[in-house]
Amino acid sequence: MVLGTRRKAREIALQVLFQLEVGEKNFTPEQAFSLFCRNFEAPAETRNFAWDLVSGVRSNLTDLDGRLSQASEHWRIDRMSPVDRNILRLALFEMIYLDDIPIKVSLNEAVDLGKRFGTDESGSFINGILDHIHHEQLHSPESSPTEAAEEKTR
């Protein structure tokens, strides 16, 4: 999968996650994803990765939000903008659970999503939180990204 395809998949996943949170709250992730793919341009080659992101974030929401809450000392997660919050969740899911994507790529893609879909401050806000998690939570001696993912499967 080429970089442009993964970027488009991330955009789709962000929009579906946003819809699940602020739109039709009675939809399942499957329903929201299907609706998005039917009504907007969701190229076939992006759908598998986009779905993996949506389902992965939703399946690990408690863990992701817990980590985000720890890293954002002065921001309660429910006070973050829904766009920033879901970009952070997407990136953190990639950083912890998807070993085939370098952490720096996930971080940079999240910053770019923030600049495109968020406010003027979103890019730096997202970068600050993810960089903190990268250095403090994921690369601490007691926890590597692989160990964190393995810990969740036990």
# chains A, B, ... in the order shown; residues from 1 in each chain; ligands from 1
$ residues_around --residues "Gly114 (chain A)" --least-positions-apart "3" --cutoff "12 Å" --atoms "only C-alpha atoms" --output "list in words"
Arg10, Glu11, Leu14, Ser81, Pro82, Val83, Asp84, Arg85, Asn86, Ile87, Leu88, Leu90, Ala91, Leu107, Asn108, Glu109, Ala110, Val111, Phe117, Gly118, Thr119, Asp120, Glu121, Ser122, Gly123, Ser124, Phe125, Ile126 and Asn127 of chain A
$ closest_atom_pairs --of "region 9-34 of chain A" --to "region 52-57 of chain A" --cutoff "9 Å" --atoms "only C-alpha atoms" --output "JSON lines"
{"residue": "A:Ala9", "atom": "CA", "partner": "A:Leu53", "partner_atom": "CA", "distance": 8.4}
{"residue": "A:Arg10", "atom": "CA", "partner": "A:Leu53", "partner_atom": "CA", "distance": 7.5}
{"residue": "A:Ile12", "atom": "CA", "partner": "A:Val54", "partner_atom": "CA", "distance": 8.9}
{"residue": "A:Ala13", "atom": "CA", "partner": "A:Val54", "partner_atom": "CA", "distance": 5.4}
{"residue": "A:Leu14", "atom": "CA", "partner": "A:Val54", "partner_atom": "CA", "distance": 7.9}
{"residue": "A:Val16", "atom": "CA", "partner": "A:Val54", "partner_atom": "CA", "distance": 7.3}
{"residue": "A:Leu17", "atom": "CA", "partner": "A:Val54", "partner_atom": "CA", "distance": 6.5}
{"residue": "A:Pro29", "atom": "CA", "partner": "A:Ser55", "partner_atom": "CA", "distance": 6.9}
{"residue": "A:Glu30", "atom": "CA", "partner": "A:Ser55", "partner_atom": "CA", "distance": 8.3}
{"residue": "A:Phe33", "atom": "CA", "partner": "A:Val54", "partner_atom": "CA", "distance": 8.1}
$ write_last_selection --atoms "N, CA and C atoms" --output "short mmCIF file (atom, residue, chain, number, x, y, z; two decimals), in the first residue's frame"
data_model
loop_
_atom_site.label_atom_id
_atom_site.label_comp_id
_atom_site.auth_asym_id
_atom_site.auth_seq_id
_atom_site.Cartn_x
_atom_site.Cartn_y
_atom_site.Cartn_z
N ALA A 9 -6.76 6.51 3.82
CA ALA A 9 -7.41 5.59 4.77
C ALA A 9 -7.50 6.23 6.16
N ARG A 10 -6.46 6.93 6.57
CA ARG A 10 -6.48 7.62 7.87
C ARG A 10 -7.55 8.72 7.88
N ILE A 12 -10.31 8.76 6.11
CA ILE A 12 -11.61 8.07 6.17
C ILE A 12 -11.88 7.61 7.60
N ALA A 13 -10.88 6.98 8.21
CA ALA A 13 -11.05 6.48 9.59
C ALA A 13 -11.38 7.64 10.53
N LEU A 14 -10.69 8.76 10.39
CA LEU A 14 -10.96 9.91 11.23
C LEU A 14 -12.40 10.37 11.07
N VAL A 16 -15.02 8.66 10.05
CA VAL A 16 -15.95 7.67 10.61
C VAL A 16 -15.95 7.75 12.14
N LEU A 17 -14.77 7.84 12.75
CA LEU A 17 -14.69 7.95 14.21
C LEU A 17 -15.37 9.23 14.70
N PRO A 29 -19.88 0.72 14.70
CA PRO A 29 -18.77 1.10 13.81
C PRO A 29 -18.97 0.55 12.39
N GLU A 30 -19.50 -0.66 12.29
CA GLU A 30 -19.74 -1.26 10.97
C GLU A 30 -20.75 -0.44 10.17
N PHE A 33 -19.16 2.95 9.13
CA PHE A 33 -18.16 2.76 8.08
C PHE A 33 -18.84 2.48 6.75
#
$ closest_residue --among "A:Arg67, A:Arg7, A:Arg116, A:Arg79" --to "Ala42 (chain A)" --atoms "only C-alpha atoms"
A:Arg7
$ closest_residue --among "A:Leu35, A:Leu92, A:Ile133, A:Ile103" --to "Leu64 (chain A)" --atoms "only C-alpha atoms"
A:Leu92
$ select_by_dssp --residues "region 60-146 of chain A" --states "helix (DSSP H, G or I)" --output "PyMOL selection string"
chain A and resi 61-71+77-79+82-97+103-117+122-138+145-146
$ write_last_selection --atoms "C-alpha atoms" --output "compact mmCIF listing (two decimals), in the first residue's frame"
# COMPACT_ATOMS: atom_id res chain seq x y z
CA LEU A 61 -10.86 2.91 23.31
CA THR A 62 -10.52 2.53 27.08
CA ASP A 63 -6.78 1.88 26.89
CA LEU A 64 -6.18 4.65 24.34
CA ASP A 65 -8.17 7.22 26.30
CA GLY A 66 -6.41 6.21 29.53
CA ARG A 67 -3.02 6.78 27.96
CA LEU A 68 -4.15 10.08 26.46
CA SER A 69 -5.50 11.23 29.82
CA GLN A 70 -2.16 10.46 31.49
CA ALA A 71 -0.24 12.38 28.82
CA ILE A 77 -9.91 14.16 27.29
CA ASP A 78 -13.59 15.14 27.17
CA ARG A 79 -12.56 18.80 26.80
CA PRO A 82 -13.54 15.71 18.89
CA VAL A 83 -11.27 16.07 15.85
CA ASP A 84 -8.07 16.29 17.91
CA ARG A 85 -9.21 13.53 20.26
CA ASN A 86 -9.87 11.12 17.40
CA ILE A 87 -6.64 11.97 15.60
CA LEU A 88 -4.78 11.24 18.83
CA ARG A 89 -6.62 7.93 19.22
CA LEU A 90 -5.81 6.92 15.64
CA ALA A 91 -2.13 7.72 15.97
CA LEU A 92 -1.80 6.12 19.37
CA PHE A 93 -3.49 2.96 18.11
CA GLU A 94 -0.94 2.79 15.28
CA MET A 95 1.96 3.50 17.63
CA ILE A 96 1.00 0.73 20.05
CA TYR A 97 -0.63 -1.97 17.94
CA ILE A 103 6.17 5.50 15.30
CA LYS A 104 7.53 8.66 13.69
CA VAL A 105 5.34 8.04 10.62
CA SER A 106 2.23 7.71 12.79
CA LEU A 107 3.18 10.86 14.68
CA ASN A 108 3.82 12.88 11.50
CA GLU A 109 0.63 11.66 9.84
CA ALA A 110 -1.36 12.67 12.93
CA VAL A 111 0.14 16.17 12.88
CA ASP A 112 -0.75 16.48 9.20
CA LEU A 113 -4.33 15.33 9.89
CA GLY A 114 -4.55 17.92 12.66
CA LYS A 115 -3.40 20.67 10.33
CA ARG A 116 -5.92 19.61 7.70
CA PHE A 117 -8.99 18.86 9.81
CA SER A 122 -4.16 21.24 16.46
CA GLY A 123 -0.85 20.27 14.85
CA SER A 124 1.29 21.43 17.76
CA PHE A 125 -1.19 20.14 20.36
CA ILE A 126 -1.25 16.67 18.76
CA ASN A 127 2.53 16.65 18.34
CA GLY A 128 3.09 17.56 21.99
CA ILE A 129 0.85 14.84 23.39
CA LEU A 130 2.05 12.09 21.04
CA ASP A 131 5.70 13.02 21.54
CA HIS A 132 5.18 12.85 25.31
CA ILE A 133 3.57 9.41 25.02
CA HIS A 134 6.30 8.24 22.66
CA HIS A 135 9.08 9.19 25.07
CA GLU A 136 7.40 8.66 28.44
CA GLN A 137 5.05 5.71 27.96
CA LEU A 138 6.21 3.74 24.93
CA PRO A 145 5.41 -0.71 21.82
CA THR A 146 5.64 -4.44 21.20
$ closest_residue --among "A:His74, A:Ile101, A:Glu24, A:Thr5" --to "Ala44 (chain A)" --atoms "only C-alpha atoms"
A:Thr5
$ atom_distance --atom1 "CA of Arg6 (chain A)" --atom2 "CA of Ala50 (chain A)"
7.9 Å
$ closest_residue --among "A:Arg38, A:Pro43, A:Phe18, A:Asp99" --to "Gly4 (chain A)" --atoms "only C-alpha atoms"
A:Pro43
